[in-house]
Amino acid sequence: MLNTGERPGRGDYECTVCGEVITLNNPTDALPVCPRCHKTTYVKL
Ligand SMILES: [Zn+2]
């Protein structure tokens, strides 16, 4: 499980609550608060 604010690297991450997919394009990008449900936990796709 990954949380908002972590920098897990490039890739696609799915919100564990609503399924929204976030794409990080840079290793320095941090996971945001989910734009759809405002939760903070993700799994890597
Ligand atoms: Zn969500």
# chains A, B, ... in the order shown; residues from 1 in each chain; ligands from 1
call {"tool": "residues_around", "arguments": {"residues": "A:Glu20", "least_positions_apart": "2", "cutoff": "12 Å", "atoms": "only C-alpha atoms", "output": "number ranges by chain"}}
result
A: 12-18, 22-23, 32-45
call {"tool": "residues_around", "arguments": {"residues": "stretch 27-30 of chain A", "least_positions_apart": "2", "cutoff": "10 Å", "atoms": "only C-alpha atoms", "output": "number ranges by chain"}}
result
A: 3-11, 23-25, 32-33
call {"tool": "write_last_selection", "arguments": {"atoms": "N, CA and C atoms", "output": "tab-separated table (two decimals), in the first residue's frame"}}
result
chain	number	residue	atom	x	y	z
A	3	ASN	N	0.92	5.66	0.01
A	3	ASN	CA	0.15	6.78	0.54
A	3	ASN	C	0.49	8.09	-0.15
A	4	THR	N	-0.46	9.01	-0.12
A	4	THR	CA	-0.23	10.37	-0.60
A	4	THR	C	1.07	10.92	0.01
A	5	GLY	N	1.87	11.54	-0.85
A	5	GLY	CA	3.13	12.13	-0.40
A	5	GLY	C	4.33	11.25	-0.65
A	6	GLU	N	4.11	9.95	-0.90
A	6	GLU	CA	5.23	9.07	-1.22
A	6	GLU	C	5.66	9.28	-2.67
A	7	ARG	N	6.93	8.94	-2.96
A	7	ARG	CA	7.46	9.07	-4.32
A	7	ARG	C	7.92	7.71	-4.80
A	8	PRO	N	6.96	6.89	-5.25
A	8	PRO	CA	7.28	5.50	-5.60
A	8	PRO	C	7.87	5.33	-7.00
A	9	GLY	N	8.00	6.44	-7.76
A	9	GLY	CA	8.60	6.35	-9.09
A	9	GLY	C	7.55	6.37	-10.19
A	10	ARG	N	8.06	6.32	-11.45
A	10	ARG	CA	7.16	6.37	-12.60
A	10	ARG	C	6.21	5.18	-12.59
A	11	GLY	N	4.98	5.43	-13.07
A	11	GLY	CA	4.04	4.33	-13.21
A	11	GLY	C	2.62	4.75	-12.92
A	23	THR	N	-1.22	8.65	-12.89
A	23	THR	CA	0.04	8.33	-13.55
A	23	THR	C	1.12	9.29	-13.07
A	24	LEU	N	2.22	8.73	-12.57
A	24	LEU	CA	3.38	9.55	-12.22
A	24	LEU	C	4.39	9.44	-13.35
A	25	ASN	N	4.81	10.58	-13.88
A	25	ASN	CA	5.72	10.59	-15.02
A	25	ASN	C	7.16	10.84	-14.64
A	32	PRO	N	-0.60	12.30	-5.20
A	32	PRO	CA	-1.49	13.36	-4.70
A	32	PRO	C	-2.63	12.77	-3.87
A	33	VAL	N	-3.38	13.63	-3.27
A	33	VAL	CA	-4.68	13.21	-2.73
A	33	VAL	C	-5.54	12.83	-3.92
call {"tool": "select_by_dssp", "arguments": {"residues": "chain A", "states": "strand (DSSP E)", "output": "list of chain:residue names"}}
result
A:Leu2, A:Asn3, A:Gly11, A:Asp12, A:Tyr13, A:Glu14, A:Cys15, A:Val21, A:Ile22, A:Thr23, A:Leu24, A:Thr41, A:Tyr42, A:Val43, A:Lys44
call {"tool": "write_last_selection", "arguments": {"atoms": "N, CA and C atoms", "output": "mmCIF file, in the first residue's frame"}}
result
data_model
loop_
_atom_site.group_PDB
_atom_site.id
_atom_site.type_symbol
_atom_site.label_atom_id
_atom_site.label_comp_id
_atom_site.auth_asym_id
_atom_site.auth_seq_id
_atom_site.Cartn_x
_atom_site.Cartn_y
_atom_site.Cartn_z
ATOM 1 N N LEU A 2 0.484 2.215 -0.828
ATOM 2 C CA LEU A 2 1.221 3.476 -0.926
ATOM 3 C C LEU A 2 0.310 4.616 -0.473
ATOM 4 N N ASN A 3 0.921 5.661 0.011
ATOM 5 C CA ASN A 3 0.146 6.780 0.542
ATOM 6 C C ASN A 3 0.488 8.089 -0.147
ATOM 7 N N GLY A 11 4.981 5.432 -13.068
ATOM 8 C CA GLY A 11 4.042 4.328 -13.210
ATOM 9 C C GLY A 11 2.616 4.747 -12.925
ATOM 10 N N ASP A 12 1.732 3.749 -12.990
ATOM 11 C CA ASP A 12 0.313 3.984 -12.748
ATOM 12 C C ASP A 12 -0.067 3.451 -11.371
ATOM 13 N N TYR A 13 -0.851 4.231 -10.675
ATOM 14 C CA TYR A 13 -1.257 3.885 -9.311
ATOM 15 C C TYR A 13 -2.755 4.039 -9.194
ATOM 16 N N GLU A 14 -3.400 3.049 -8.595
ATOM 17 C CA GLU A 14 -4.854 3.041 -8.492
ATOM 18 C C GLU A 14 -5.292 3.324 -7.059
ATOM 19 N N CYS A 15 -6.197 4.262 -6.911
ATOM 20 C CA CYS A 15 -6.800 4.566 -5.612
ATOM 21 C C CYS A 15 -7.507 3.322 -5.088
ATOM 22 N N VAL A 21 -7.164 6.142 -11.428
ATOM 23 C CA VAL A 21 -5.777 5.829 -11.750
ATOM 24 C C VAL A 21 -4.985 7.119 -11.910
ATOM 25 N N ILE A 22 -3.880 7.186 -11.178
ATOM 26 C CA ILE A 22 -2.967 8.325 -11.225
ATOM 27 C C ILE A 22 -1.698 7.867 -11.924
ATOM 28 N N THR A 23 -1.217 8.645 -12.887
ATOM 29 C CA THR A 23 0.043 8.331 -13.548
ATOM 30 C C THR A 23 1.121 9.290 -13.066
ATOM 31 N N LEU A 24 2.216 8.729 -12.573
ATOM 32 C CA LEU A 24 3.375 9.550 -12.223
ATOM 33 C C LEU A 24 4.393 9.435 -13.351
ATOM 34 N N THR A 41 -4.763 6.441 -0.280
ATOM 35 C CA THR A 41 -4.068 5.167 -0.402
ATOM 36 C C THR A 41 -4.178 4.615 -1.826
ATOM 37 N N TYR A 42 -3.047 4.054 -2.287
ATOM 38 C CA TYR A 42 -2.951 3.549 -3.664
ATOM 39 C C TYR A 42 -2.265 2.202 -3.697
ATOM 40 N N VAL A 43 -2.516 1.476 -4.790
ATOM 41 C CA VAL A 43 -1.723 0.295 -5.128
ATOM 42 C C VAL A 43 -1.115 0.511 -6.508
ATOM 43 N N LYS A 44 0.077 -0.047 -6.736
ATOM 44 C CA LYS A 44 0.730 0.074 -8.031
ATOM 45 C C LYS A 44 0.033 -0.850 -9.032
#
